[in-house]
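Enquirer: Quick one: the structure is below, and I'll ask about it shortly.
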Amino acid sequence: MLIPKPNLYPPFNIVRLSHVELGVTDLAKSRAFYVDTLGLQVTDETSDTIYLRAMEERGHHCIVLKKSGKAEAGDLGFKVFSDEDLDKAAHFFKAKDLPVEWLERAYQARTFRTRDPHGVPLEFYSKMDRLAPIHQQYALYRGVKPLRIDHFNCFSPNVDESVAFYNELGFRVTEYTEDEETGRLWAAWTHRKGGVHDIAFTNGRGPRLHHTAFWVPTPLNIIDLLDLMATTGWVANIERGPGRHGVSNAFFLYILDPDGHRIEIYCSDYQTVDPDLEPIKWDLKDPQRQTLWGAPAPKSWFEHGSLFAGAAVADSVLKAQPIIAP
Ligand SMILES: [Fe+2]
């Protein structure tokens with residue numbers, strides 16, 4: 001059995017993914033991308049940090065842009081249900097001999113950082129400053145009209161190991177890709193919040209952050225963003241799509257920020273809250289897996305990713321080849 005049985009009663013309750021910190025080398029350029037082009041809302045700004053939220057979000061931030069000498073990814077943030085869950089989470093990671101470091105994080109109450117067994121930096125908290133709703137302030141909608149952060153996707157050097165570990169944390173697999181020759185996992189999509197995923201893993205040199213995705217209202221918002229990017233100096237930052245995924249059935253577009261951090265614009269996947277939801281299996285060689293309409297992803301999509309701060313990378317154990325555009 002490739003996929004572990006869903007762990008319906010995990011040791012602590014993760015509500016959803018929450019935020020990510022990205023190290024960026026030119027804050028003004030990043031602001032032009034995330035604020036002026038994508039339409040994320042600035043919730044605080046200093047000389048070296050910009051905090052952003054999307055239109056439906058009440059929490060203070062879903063992306064933190066931090067001026068840095070290195071274009072690297074920082075912690076992947078997750079919200080837990082209560083302070084009691086936060087203490088249980090810290091206990092869980094300590095018991096696994098993983099590092100637990102309590103941090104001062106602006107706009108967040110008690111927060112700790114740890115790492116998964118491959119070195120992905122993770123951050124857990126239960127309370128973040130809450131802001132007034134803006135989802136009906138339509139004068140504020142710009143760019144692709146981003147509504148909320150949807151998921152992370154990480155390159156993993158061993159997807160079987162990643163799935164086993166996150167299964168212990170209560171992440172349930174919704175879809176997965178198997179390499180038919182070895183019977184091993186090549187990719188998996190796992191969720192807490194009831195969509196197709198909060199975090200996915202793709203076979204490759206890692207750990208590295210493959211992308212962070214934002215949910216938008218309709219596919220037409222993605223077409224509008226493409227027109228905007230194509231005529232405002234961002235055409236080279238369009239990497240893949242638009243298209244319809246086989247996996248997740250979502251409409252998608254992949255773009256690169258000024259430092260090469262990959263962002264996915266994503267909409268219309270499906271509900272997965274049933275505890276007995278059967279994971280959907282895909283064959284790595286199925287041409288409709290990546291894109292339902294058959295177009296393969298470019299080589300860069302399988303090779304390029306953001307390094308995580310302080311994480312050593314390793315080649316993937318599985319060497320199976322996906323379908324790559326010529
Ligand atoms: Fe994605």
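FYI, nothing fancy with the structure tokens labels: chains A, B, ... in order, residues from 1 per chain, ligands from 1 as they appear.
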Would you mind listing what lies within 8 Å of Gly77 of chain A as a list of chain:residue names, with only C-alpha atoms counted and same-chain residues fewer than 3 positions away left out?
Expert: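 The neighbour list is A:Leu17, A:Ser18, A:His19, A:Val20, A:Leu122, A:Glu123, A:Phe124, A:Tyr125.
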Enquirer: For the residues in the current selection, export C-alpha atoms as a PDB file, in the first residue's frame.
Expert:
ATOM      1  CA  LEU A  17      -1.548  26.375   5.811  1.00  0.00           C
ATOM      2  CA  SER A  18      -1.187  30.025   6.711  1.00  0.00           C
ATOM      3  CA  HIS A  19       1.786  31.928   5.352  1.00  0.00           C
ATOM      4  CA  VAL A  20       5.300  31.852   3.965  1.00  0.00           C
ATOM      5  CA  LEU A 122       7.954  24.873   9.469  1.00  0.00           C
ATOM      6  CA  GLU A 123       6.326  27.405  11.739  1.00  0.00           C
ATOM      7  CA  PHE A 124       3.271  26.786  13.939  1.00  0.00           C
ATOM      8  CA  TYR A 125       1.060  29.290  15.777  1.00  0.00           C
TER       9      TYR A 125
END
Enquirer: Neighbours of segment 102-110 of chain A within 7 Å (only C-alpha atoms; same-chain residues fewer than 4 positions away dropped), as a PyMOL selection string?
Expert: chain A and resi 60+125+127-129
Enquirer: Emit the selected residues as a compact mmCIF listing (two decimals), in the first residue's frame, including N, CA and C atoms.
Expert:
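See again-v8.txt below for the written result:
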# COMPACT_ATOMS: atom_id res chain seq x y z
N HIS A 60 -3.40 38.57 9.58
CA HIS A 60 -2.60 39.73 9.17
C HIS A 60 -1.79 39.49 7.90
N TYR A 125 1.61 28.30 14.85
CA TYR A 125 1.06 29.29 15.78
C TYR A 125 -0.44 29.02 15.85
N LYS A 127 -2.57 31.91 17.06
CA LYS A 127 -3.24 33.22 16.97
C LYS A 127 -2.38 34.24 16.24
N MET A 128 -3.00 34.84 15.23
CA MET A 128 -2.39 35.94 14.47
C MET A 128 -3.32 37.13 14.59
N ASP A 129 -2.78 38.35 14.55
CA ASP A 129 -3.65 39.54 14.59
C ASP A 129 -4.73 39.43 13.52
Enquirer: Would you mind listing, for every residue of chain A within 10 Å of ligand 1, the two atoms forming the shortest contact and the distance between them in Å to one decimal, using only C-alpha atoms and all ligand atoms, sorted by chain and ascending residue number, as JSON lines?
Expert:
{"residue": "A:Asp150", "atom": "CA", "partner": "ligand 1", "partner_atom_place_in_ligand_line": "1 (Fe)", "distance": 8.4}
{"residue": "A:His151", "atom": "CA", "partner": "ligand 1", "partner_atom_place_in_ligand_line": "1 (Fe)", "distance": 6.5}
{"residue": "A:Phe152", "atom": "CA", "partner": "ligand 1", "partner_atom_place_in_ligand_line": "1 (Fe)", "distance": 6.7}
{"residue": "A:Asn153", "atom": "CA", "partner": "ligand 1", "partner_atom_place_in_ligand_line": "1 (Fe)", "distance": 5.9}
{"residue": "A:Cys154", "atom": "CA", "partner": "ligand 1", "partner_atom_place_in_ligand_line": "1 (Fe)", "distance": 9.4}
{"residue": "A:Trp189", "atom": "CA", "partner": "ligand 1", "partner_atom_place_in_ligand_line": "1 (Fe)", "distance": 9.0}
{"residue": "A:Val196", "atom": "CA", "partner": "ligand 1", "partner_atom_place_in_ligand_line": "1 (Fe)", "distance": 9.7}
{"residue": "A:His197", "atom": "CA", "partner": "ligand 1", "partner_atom_place_in_ligand_line": "1 (Fe)", "distance": 8.4}
{"residue": "A:Asp198", "atom": "CA", "partner": "ligand 1", "partner_atom_place_in_ligand_line": "1 (Fe)", "distance": 9.3}
{"residue": "A:Ile199", "atom": "CA", "partner": "ligand 1", "partner_atom_place_in_ligand_line": "1 (Fe)", "distance": 8.5}
{"residue": "A:Ala200", "atom": "CA", "partner": "ligand 1", "partner_atom_place_in_ligand_line": "1 (Fe)", "distance": 7.4}
{"residue": "A:Phe201", "atom": "CA", "partner": "ligand 1", "partner_atom_place_in_ligand_line": "1 (Fe)", "distance": 9.7}
{"residue": "A:His210", "atom": "CA", "partner": "ligand 1", "partner_atom_place_in_ligand_line": "1 (Fe)", "distance": 8.5}
{"residue": "A:His211", "atom": "CA", "partner": "ligand 1", "partner_atom_place_in_ligand_line": "1 (Fe)", "distance": 6.6}
{"residue": "A:Thr212", "atom": "CA", "partner": "ligand 1", "partner_atom_place_in_ligand_line": "1 (Fe)", "distance": 7.0}
{"residue": "A:Ala213", "atom": "CA", "partner": "ligand 1", "partner_atom_place_in_ligand_line": "1 (Fe)", "distance": 5.8}
{"residue": "A:Phe214", "atom": "CA", "partner": "ligand 1", "partner_atom_place_in_ligand_line": "1 (Fe)", "distance": 8.9}
{"residue": "A:His245", "atom": "CA", "partner": "ligand 1", "partner_atom_place_in_ligand_line": "1 (Fe)", "distance": 9.3}
{"residue": "A:Val247", "atom": "CA", "partner": "ligand 1", "partner_atom_place_in_ligand_line": "1 (Fe)", "distance": 9.6}
{"residue": "A:Ser248", "atom": "CA", "partner": "ligand 1", "partner_atom_place_in_ligand_line": "1 (Fe)", "distance": 8.9}
{"residue": "A:Ala250", "atom": "CA", "partner": "ligand 1", "partner_atom_place_in_ligand_line": "1 (Fe)", "distance": 8.9}
{"residue": "A:Phe252", "atom": "CA", "partner": "ligand 1", "partner_atom_place_in_ligand_line": "1 (Fe)", "distance": 8.0}
{"residue": "A:Leu253", "atom": "CA", "partner": "ligand 1", "partner_atom_place_in_ligand_line": "1 (Fe)", "distance": 9.2}
{"residue": "A:Tyr254", "atom": "CA", "partner": "ligand 1", "partner_atom_place_in_ligand_line": "1 (Fe)", "distance": 8.6}
{"residue": "A:Arg262", "atom": "CA", "partner": "ligand 1", "partner_atom_place_in_ligand_line": "1 (Fe)", "distance": 9.9}
{"residue": "A:Ile263", "atom": "CA", "partner": "ligand 1", "partner_atom_place_in_ligand_line": "1 (Fe)", "distance": 8.5}
{"residue": "A:Glu264", "atom": "CA", "partner": "ligand 1", "partner_atom_place_in_ligand_line": "1 (Fe)", "distance": 6.0}
{"residue": "A:Ile265", "atom": "CA", "partner": "ligand 1", "partner_atom_place_in_ligand_line": "1 (Fe)", "distance": 8.2}
{"residue": "A:Tyr266", "atom": "CA", "partner": "ligand 1", "partner_atom_place_in_ligand_line": "1 (Fe)", "distance": 7.3}
Enquirer: Using N, CA and C atoms, can you export the residues from the last selection as an mmCIF file, in the first residue's frame?
Expert:
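Writing the result to part_25.cif gives the following:
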data_model
loop_
_atom_site.group_PDB
_atom_site.id
_atom_site.type_symbol
_atom_site.label_atom_id
_atom_site.label_comp_id
_atom_site.auth_asym_id
_atom_site.auth_seq_id
_atom_site.Cartn_x
_atom_site.Cartn_y
_atom_site.Cartn_z
ATOM 1 N N ASP A 150 -3.597 29.183 -0.993
ATOM 2 C CA ASP A 150 -4.242 27.863 -1.101
ATOM 3 C C ASP A 150 -3.336 26.701 -0.721
ATOM 4 N N HIS A 151 -2.086 26.709 -1.203
ATOM 5 C CA HIS A 151 -1.227 25.564 -0.874
ATOM 6 C C HIS A 151 0.249 25.852 -1.149
ATOM 7 N N PHE A 152 1.063 24.985 -0.556
ATOM 8 C CA PHE A 152 2.489 24.914 -0.870
ATOM 9 C C PHE A 152 2.731 23.626 -1.656
ATOM 10 N N ASN A 153 3.766 23.674 -2.529
ATOM 11 C CA ASN A 153 4.233 22.444 -3.162
ATOM 12 C C ASN A 153 5.748 22.415 -2.978
ATOM 13 N N CYS A 154 6.266 21.304 -2.497
ATOM 14 C CA CYS A 154 7.698 21.189 -2.216
ATOM 15 C C CYS A 154 8.315 20.061 -3.030
ATOM 16 N N TRP A 189 -0.597 14.832 -2.984
ATOM 17 C CA TRP A 189 -1.293 16.061 -2.596
ATOM 18 C C TRP A 189 -2.007 15.753 -1.280
ATOM 19 N N VAL A 196 -8.113 20.160 -2.166
ATOM 20 C CA VAL A 196 -7.259 19.062 -2.638
ATOM 21 C C VAL A 196 -5.934 19.029 -1.860
ATOM 22 N N HIS A 197 -5.412 20.191 -1.486
ATOM 23 C CA HIS A 197 -4.171 20.157 -0.695
ATOM 24 C C HIS A 197 -3.895 21.445 0.052
ATOM 25 N N ASP A 198 -3.195 21.267 1.177
ATOM 26 C CA ASP A 198 -2.493 22.363 1.851
ATOM 27 C C ASP A 198 -1.014 22.292 1.501
ATOM 28 N N ILE A 199 -0.518 21.057 1.351
ATOM 29 C CA ILE A 199 0.887 20.884 0.964
ATOM 30 C C ILE A 199 1.006 19.647 0.069
ATOM 31 N N ALA A 200 1.753 19.812 -1.007
ATOM 32 C CA ALA A 200 1.995 18.712 -1.936
ATOM 33 C C ALA A 200 3.490 18.473 -2.029
ATOM 34 N N PHE A 201 3.849 17.279 -2.475
ATOM 35 C CA PHE A 201 5.261 16.904 -2.618
ATOM 36 C C PHE A 201 5.485 16.362 -4.019
ATOM 37 N N HIS A 210 8.738 24.362 -4.269
ATOM 38 C CA HIS A 210 8.401 24.401 -5.690
ATOM 39 C C HIS A 210 7.513 25.604 -5.993
ATOM 40 N N HIS A 211 6.422 25.763 -5.255
ATOM 41 C CA HIS A 211 5.601 26.968 -5.431
ATOM 42 C C HIS A 211 4.656 27.183 -4.260
ATOM 43 N N THR A 212 4.151 28.415 -4.219
ATOM 44 C CA THR A 212 3.086 28.820 -3.308
ATOM 45 C C THR A 212 1.914 29.230 -4.194
ATOM 46 N N ALA A 213 0.701 28.779 -3.841
ATOM 47 C CA ALA A 213 -0.454 29.026 -4.718
ATOM 48 C C ALA A 213 -1.483 29.918 -4.054
ATOM 49 N N PHE A 214 -2.123 30.733 -4.883
ATOM 50 C CA PHE A 214 -3.223 31.600 -4.455
ATOM 51 C C PHE A 214 -4.483 31.264 -5.224
ATOM 52 N N HIS A 245 -5.505 21.471 -14.745
ATOM 53 C CA HIS A 245 -4.749 20.320 -14.238
ATOM 54 C C HIS A 245 -5.570 19.040 -14.374
ATOM 55 N N VAL A 247 -4.521 16.323 -12.217
ATOM 56 C CA VAL A 247 -4.533 16.257 -10.755
ATOM 57 C C VAL A 247 -5.198 17.522 -10.219
ATOM 58 N N SER A 248 -6.175 17.379 -9.388
ATOM 59 C CA SER A 248 -6.910 18.458 -8.678
ATOM 60 C C SER A 248 -8.021 19.108 -9.506
ATOM 61 N N ALA A 250 -7.979 21.674 -11.074
ATOM 62 C CA ALA A 250 -7.981 23.138 -10.943
ATOM 63 C C ALA A 250 -7.511 23.804 -12.228
ATOM 64 N N PHE A 252 -5.138 26.673 -13.747
ATOM 65 C CA PHE A 252 -3.866 27.119 -13.170
ATOM 66 C C PHE A 252 -3.060 28.009 -14.110
ATOM 67 N N LEU A 253 -2.108 28.723 -13.484
ATOM 68 C CA LEU A 253 -1.054 29.453 -14.185
ATOM 69 C C LEU A 253 0.149 29.486 -13.245
ATOM 70 N N TYR A 254 1.342 29.253 -13.804
ATOM 71 C CA TYR A 254 2.569 29.374 -13.009
ATOM 72 C C TYR A 254 3.371 30.565 -13.492
ATOM 73 N N ARG A 262 8.476 30.679 -7.372
ATOM 74 C CA ARG A 262 7.348 30.351 -8.254
ATOM 75 C C ARG A 262 6.015 30.542 -7.515
ATOM 76 N N ILE A 263 5.084 31.186 -8.192
ATOM 77 C CA ILE A 263 3.733 31.400 -7.656
ATOM 78 C C ILE A 263 2.752 30.729 -8.616
ATOM 79 N N GLU A 264 1.801 30.001 -8.040
ATOM 80 C CA GLU A 264 0.729 29.443 -8.862
ATOM 81 C C GLU A 264 -0.548 30.239 -8.605
ATOM 82 N N ILE A 265 -1.248 30.537 -9.664
ATOM 83 C CA ILE A 265 -2.581 31.116 -9.553
ATOM 84 C C ILE A 265 -3.532 29.964 -9.862
ATOM 85 N N TYR A 266 -4.531 29.780 -9.000
ATOM 86 C CA TYR A 266 -5.230 28.489 -8.928
ATOM 87 C C TYR A 266 -6.698 28.727 -8.636
#
Enquirer: May I ask for the distance between atom CA of Thr190 of chain A and atom CA of Glu57 of chain A, given in Å to one decimal place?
Expert: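 Atom-to-atom, atom CA of Thr190 of chain A and atom CA of Glu57 of chain A are spaced 21.6 Å apart.
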Enquirer: List the spatial neighbours of Trp282 of chain A as a PDB file with N, CA and C atoms, in the first residue's frame - criterion: any atom at most 7 Å away, only C-alpha atoms, same-chain residues fewer than 2 positions off excluded.
Expert:
ATOM      1  N   TYR A 176      -2.526  11.138  -5.875  1.00  0.00           N
ATOM      2  CA  TYR A 176      -1.110  10.792  -5.853  1.00  0.00           C
ATOM      3  C   TYR A 176      -0.690  10.240  -7.202  1.00  0.00           C
ATOM      4  N   THR A 177       0.606  10.359  -7.469  1.00  0.00           N
ATOM      5  CA  THR A 177       1.178   9.849  -8.712  1.00  0.00           C
ATOM      6  C   THR A 177       2.148   8.745  -8.363  1.00  0.00           C
ATOM      7  N   GLU A 178       1.938   7.621  -9.027  1.00  0.00           N
ATOM      8  CA  GLU A 178       2.795   6.468  -8.766  1.00  0.00           C
ATOM      9  C   GLU A 178       3.716   6.250  -9.969  1.00  0.00           C
ATOM     10  N   ILE A 280      -7.187   9.570  -5.317  1.00  0.00           N
ATOM     11  CA  ILE A 280      -7.172   9.279  -6.756  1.00  0.00           C
ATOM     12  C   ILE A 280      -5.735   9.009  -7.178  1.00  0.00           C
ATOM     13  N   LEU A 284       2.445   8.197 -13.636  1.00  0.00           N
ATOM     14  CA  LEU A 284       3.407   9.234 -14.040  1.00  0.00           C
ATOM     15  C   LEU A 284       3.426   9.423 -15.557  1.00  0.00           C
ATOM     16  N   ARG A 289      -2.207  13.853 -16.733  1.00  0.00           N
ATOM     17  CA  ARG A 289      -1.984  14.046 -15.303  1.00  0.00           C
ATOM     18  C   ARG A 289      -1.653  15.506 -14.981  1.00  0.00           C
TER      19      ARG A 289
END
Enquirer: Skipping near chain neighbours, those fewer than 3 positions away, what residues fall within 12 Å of Asp116 of chain A using only C-alpha atoms, listed as a list in words?
Expert: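 Listing them by chain and then by number gives Asp75, Leu76, Phe92, Phe93, Lys94, Lys96, Asp97, Leu98, Pro99, Val100, Arg113, Gly119, Val120, Pro121, Leu122, Glu123, Cys154, Ser156, Glu161, Ser162, Val163, Ala164, Phe165, Tyr166, Glu168, Leu169, Pro207, Phe308 and Ala311 of chain A.
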Enquirer: If you keep N, CA and C atoms, can you produce a file of those selected residues as a compact mmCIF listing (two decimals), in the first residue's frame?
Expert:
# COMPACT_ATOMS: atom_id res chain seq x y z
N ASP A 75 10.27 30.02 6.51
CA ASP A 75 9.36 29.04 7.10
C ASP A 75 8.04 28.93 6.33
N LEU A 76 7.53 27.72 6.24
CA LEU A 76 6.15 27.49 5.80
C LEU A 76 5.29 27.54 7.07
N PHE A 92 5.18 17.01 20.23
CA PHE A 92 5.30 15.99 19.18
C PHE A 92 6.66 16.09 18.48
N PHE A 93 7.04 17.32 18.06
CA PHE A 93 8.30 17.47 17.32
C PHE A 93 9.50 17.17 18.21
N LYS A 94 9.43 17.59 19.49
CA LYS A 94 10.53 17.29 20.42
C LYS A 94 10.71 15.79 20.58
N LYS A 96 10.19 13.62 18.50
CA LYS A 96 10.79 13.07 17.27
C LYS A 96 12.25 13.51 17.12
N ASP A 97 12.77 14.18 18.14
CA ASP A 97 14.13 14.73 18.07
C ASP A 97 14.29 15.76 16.96
N LEU A 98 13.21 16.46 16.66
CA LEU A 98 13.29 17.56 15.70
C LEU A 98 13.38 18.86 16.50
N PRO A 99 14.06 19.89 15.94
CA PRO A 99 14.30 21.12 16.71
C PRO A 99 13.00 21.87 16.99
N VAL A 100 12.87 22.43 18.18
CA VAL A 100 11.72 23.28 18.50
C VAL A 100 12.27 24.59 19.07
N ARG A 113 9.27 27.33 15.63
CA ARG A 113 9.79 26.83 14.36
C ARG A 113 10.35 25.43 14.59
N GLY A 119 14.24 18.59 6.44
CA GLY A 119 14.81 19.92 6.67
C GLY A 119 13.93 21.09 6.27
N VAL A 120 12.69 20.83 5.82
CA VAL A 120 11.79 21.94 5.47
C VAL A 120 11.48 22.74 6.75
N PRO A 121 11.76 24.06 6.76
CA PRO A 121 11.47 24.86 7.95
C PRO A 121 9.96 25.10 8.07
N LEU A 122 9.39 24.75 9.22
CA LEU A 122 7.95 24.87 9.47
C LEU A 122 7.74 25.78 10.67
N GLU A 123 6.64 26.49 10.64
CA GLU A 123 6.33 27.40 11.74
C GLU A 123 4.88 27.16 12.15
N CYS A 154 6.27 21.30 -2.50
CA CYS A 154 7.70 21.19 -2.22
C CYS A 154 8.31 20.06 -3.03
N SER A 156 10.57 17.06 -2.95
CA SER A 156 11.01 16.16 -1.88
C SER A 156 11.97 15.13 -2.47
N GLU A 161 8.60 9.07 2.05
CA GLU A 161 8.92 9.50 3.42
C GLU A 161 8.13 10.75 3.81
N SER A 162 8.02 11.70 2.87
CA SER A 162 7.27 12.94 3.18
C SER A 162 5.81 12.61 3.51
N VAL A 163 5.21 11.77 2.69
CA VAL A 163 3.80 11.43 2.91
C VAL A 163 3.63 10.72 4.25
N ALA A 164 4.54 9.81 4.57
CA ALA A 164 4.44 9.08 5.85
C ALA A 164 4.52 10.05 7.03
N PHE A 165 5.43 11.03 6.95
CA PHE A 165 5.59 11.97 8.06
C PHE A 165 4.37 12.88 8.18
N TYR A 166 3.94 13.49 7.08
CA TYR A 166 2.81 14.43 7.15
C TYR A 166 1.50 13.70 7.47
N GLU A 168 1.34 11.47 9.75
CA GLU A 168 1.33 11.49 11.22
C GLU A 168 0.76 12.80 11.75
N LEU A 169 0.98 13.90 11.01
CA LEU A 169 0.46 15.21 11.43
C LEU A 169 -1.02 15.39 11.07
N PRO A 207 15.15 19.15 0.13
CA PRO A 207 13.89 19.88 0.00
C PRO A 207 14.09 21.26 -0.62
N PHE A 308 15.40 26.36 0.66
CA PHE A 308 14.93 26.77 1.99
C PHE A 308 16.14 27.21 2.82
N ALA A 311 18.61 24.67 4.88
CA ALA A 311 18.32 23.25 4.60
C ALA A 311 19.28 22.72 3.54
Enquirer: Using Å and a single decimal, report how far atom CA of Glu72 of chain A sits from atom CA of Phe33 of chain A.
Expert: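 Interatomic distance here is 16.7 Å.
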Enquirer: Identify, with DSSP run on backbone atoms, the residues in segment 87-291 of chain A assigned to strand (DSSP E), and express the list as number ranges by chain.
Expert: A: 101-103, 111-115, 121-125, 148-156, 172-179, 184-191, 199-203, 208-215, 238-244, 251-256, 262-267, 280-283
Enquirer: Please report, as JSON, numbers by chain, each residue of segment 12-155 of chain A to which DSSP assigns alpha helix (DSSP H) when run on this structure's backbone.
Expert: {"A": [27, 28, 29, 30, 31, 83, 84, 85, 86, 87, 88, 89, 90, 91, 92, 93, 94, 95]}
Enquirer: Let me see the file: selected residues, N, CA and C atoms, as a short mmCIF file (atom, residue, chain, number, x, y, z; two decimals), in the first residue's frame.
Expert:
data_model
loop_
_atom_site.label_atom_id
_atom_site.label_comp_id
_atom_site.auth_asym_id
_atom_site.auth_seq_id
_atom_site.Cartn_x
_atom_site.Cartn_y
_atom_site.Cartn_z
N LEU A 27 13.34 44.71 -2.75
CA LEU A 27 11.99 44.82 -2.20
C LEU A 27 11.05 45.62 -3.12
N ALA A 28 11.58 46.64 -3.77
CA ALA A 28 10.73 47.47 -4.64
C ALA A 28 10.23 46.66 -5.83
N LYS A 29 11.12 45.86 -6.41
CA LYS A 29 10.72 45.01 -7.54
C LYS A 29 9.68 43.97 -7.10
N SER A 30 9.90 43.39 -5.92
CA SER A 30 8.94 42.40 -5.41
C SER A 30 7.59 43.05 -5.14
N ARG A 31 7.62 44.27 -4.64
CA ARG A 31 6.37 45.00 -4.39
C ARG A 31 5.61 45.21 -5.71
N ASP A 83 -4.23 27.09 21.48
CA ASP A 83 -2.94 27.12 22.19
C ASP A 83 -2.56 25.75 22.72
N GLU A 84 -3.57 24.98 23.12
CA GLU A 84 -3.32 23.63 23.61
C GLU A 84 -2.74 22.76 22.47
N ASP A 85 -3.28 22.94 21.27
CA ASP A 85 -2.74 22.21 20.11
C ASP A 85 -1.30 22.62 19.83
N LEU A 86 -1.01 23.91 20.06
CA LEU A 86 0.35 24.40 19.81
C LEU A 86 1.33 23.71 20.75
N ASP A 87 0.96 23.59 22.02
CA ASP A 87 1.84 22.89 22.98
C ASP A 87 1.97 21.41 22.64
N LYS A 88 0.87 20.81 22.21
CA LYS A 88 0.93 19.40 21.82
C LYS A 88 1.83 19.23 20.59
N ALA A 89 1.77 20.20 19.68
CA ALA A 89 2.61 20.13 18.47
C ALA A 89 4.09 20.22 18.86
N ALA A 90 4.41 21.17 19.72
CA ALA A 90 5.82 21.33 20.15
C ALA A 90 6.31 20.03 20.79
N HIS A 91 5.46 19.43 21.61
CA HIS A 91 5.80 18.16 22.28
C HIS A 91 6.04 17.05 21.24
N PHE A 92 5.18 17.01 20.23
CA PHE A 92 5.30 15.99 19.18
C PHE A 92 6.66 16.09 18.48
N PHE A 93 7.04 17.32 18.06
CA PHE A 93 8.30 17.47 17.32
C PHE A 93 9.50 17.17 18.21
N LYS A 94 9.43 17.59 19.49
CA LYS A 94 10.53 17.29 20.42
C LYS A 94 10.71 15.79 20.58
N ALA A 95 9.59 15.10 20.70
CA ALA A 95 9.64 13.64 20.87
C ALA A 95 10.24 12.94 19.65
#
Enquirer: Show me, as a list in words, the residues that have an atom within 8 Å of Pro157 of chain A when counting only C-alpha atoms, minus same-chain residues fewer than 5 positions from it.
Expert: His118, Asn203, Gly204, Arg205, Gly206, Pro207, Ala314, Asp315, Ser316, Val317 and Leu318 of chain A
Enquirer: Pick the closest to Asp259 of chain A from A:Arg142, A:Lys70, A:Arg115, A:Lys319: which is it, counting only C-alpha atoms?
Expert: A:Lys70
Enquirer: Skipping near chain neighbours, those fewer than 5 positions away, what residues fall within 12 Å of Trp234 of chain A using only C-alpha atoms, listed as an NGL selection string?
Expert: :A and (29-30 or 32-34 or 36-38 or 225-229 or 239 or 255-258)
Enquirer: Given the choices A:Ala295, A:Ala325, A:Ala187, A:Cys267, which gets closest to Ile222 of chain A if the distance is worked out from only C-alpha atoms?
Expert: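 Going through A:Ala295, A:Ala325, A:Ala187, A:Cys267 one by one, the smallest distance to Ile222 of chain A is for A:Cys267.
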Enquirer: Which of these residues is nearest to Ser268 of chain A, using only C-alpha atoms: A:Thr231, A:Ser300, A:Thr43, A:Thr218?
Expert: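 Distance minimum relative to Ser268 of chain A lands on A:Thr218.
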